[in-house]
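Below is one structure, written out as structure tokens; the observations come after it.
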Amino acid sequence: MIPFSVLDLSPVIAGATPADAFRNTLDLAQHAERWNYRRFLLAEHHNMTGIASAATSVVIGYVAGGTKTIRVGSGGVMLPNHAPLVIAEQFGTLESLYPGRIDLGLGRAPGTDQTTARALRRDLQNSADSFPDDVELQRYFADPVAGQRIRAVPGAGLHVPLWLLGSSLFSA
């Protein structure tokens with residue numbers, strides 16, 4: 001059997017609200033779970049009136065809370081928009097609440113236009129270039145070691161699976 005997954009953006013259809021989009025997303029996830037899909041992934045996009053999944057980790061929590069067995073994760077979190085420790089803490093929290101069901105997909109694109117990208121985080125010249133260093137957030141999910149100065153709490157020792165969006169050789 002081929003393991004199928006769903007990638008959702010929580011689309012806001014004409015005349016509807018983001019709240020409607022979230023209810024539709026949960027309904028789709030529940031159907032995917034009944035149909036034995038393996039994963040339900042949500043993507044990060046910002047400043048787009050037709051997409052409601054900008055706060056990806058929050059929507060993942062909502063979907064995981066409304067399902068029982070399907071793996072839920074990001075497809076993906078655009079790491080240049082976020083501090084790696086914060087993402088590790090968010091996904092460590094999700095993994096603590098929904099053990100064995102959370103996946104962290106990471107990308108390096110801004111997930112929006114350049115003006116919005118500046119409003120999200122930092123200098124566009126350096127953010128994508130630091131992606132390989134930022135992916136080191138995986139160490140926050142490893143077992144803690146003596147003398148470790150920074151830990152993701154929760155997160156340390158949870159071994160949340162990481163996936164990389166491979167849009168280029170640089171991402172890979």
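Every chain in the structure tokens has a letter given in the order shown (A, B, ...), and although residue numbers restart at 1 in each chain, ligands are simply numbered from 1 in the order shown.
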
(request) List every residue of segment 40-170 of chain A that DSSP, applied to the backbone of this structure, assigns to strand (DSSP E), and report them as a list in words. (result)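 Those in segment 40-170 of chain A that DSSP calls strand (DSSP E) are Phe40, Leu41, Leu42, Arg71, Val72, Gly73, Ser74, Val77, Met78, Ile102, Asp103, Leu104, Gly105, Leu106, Gly107, Leu162, Trp163 and Leu164 of chain A.
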
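Atom CA of Val59 of chain A lies 9.9 Å from atom CA of Ala43 of chain A.
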
Using 7 Å as the limit and counting only C-alpha atoms, can you tabulate each residue of segment 17-100 of chain A that touches segment 4-7 of chain A, with its shortest atom-to-atom distance in Å and the two atoms involved, as JSON lines?
{"residue": "A:Tyr37", "atom": "CA", "partner": "A:Phe4", "partner_atom": "CA", "distance": 5.2}
{"residue": "A:Arg38", "atom": "CA", "partner": "A:Ser5", "partner_atom": "CA", "distance": 5.5}
{"residue": "A:Arg39", "atom": "CA", "partner": "A:Ser5", "partner_atom": "CA", "distance": 4.6}
{"residue": "A:Phe40", "atom": "CA", "partner": "A:Val6", "partner_atom": "CA", "distance": 4.9}
{"residue": "A:Leu41", "atom": "CA", "partner": "A:Leu7", "partner_atom": "CA", "distance": 4.7}
{"residue": "A:Leu42", "atom": "CA", "partner": "A:Leu7", "partner_atom": "CA", "distance": 5.7}
{"residue": "A:Gly75", "atom": "CA", "partner": "A:Leu7", "partner_atom": "CA", "distance": 6.8}

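Counting from atom CA of Asp27 of chain A, the distance to atom CA of Gly66 of chain A is 8.8 Å.
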
(message) Under the rule that only C-alpha atoms are counted, which of A:Phe22, A:Tyr62, A:Trp35, A:Trp163 is the nearest residue to Asp103 of chain A?
(response) A:Trp163

(message) Here is a test: counting only C-alpha atoms, which residue of A:Ile102, A:Val135, A:Ala64, A:Ala119 is nearest to Ala83 of chain A?
(response)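 Among the listed residues, A:Val135 lies closest to Ala83 of chain A.
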
(message) So, with only C-alpha atoms as the atoms that count, which of A:Glu44, A:Asp8, A:Glu89, A:Asp133 lies closest to Gly76 of chain A?
(response) A:Glu44

(request) Check the smallest atom-to-atom distance from each of A:Thr115, A:Pro99, A:Leu120, A:Thr17 to Gly155 of chain A using only C-alpha atoms, then report the winner. (result)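 Smallest separation from Gly155 of chain A among the options: A:Pro99.
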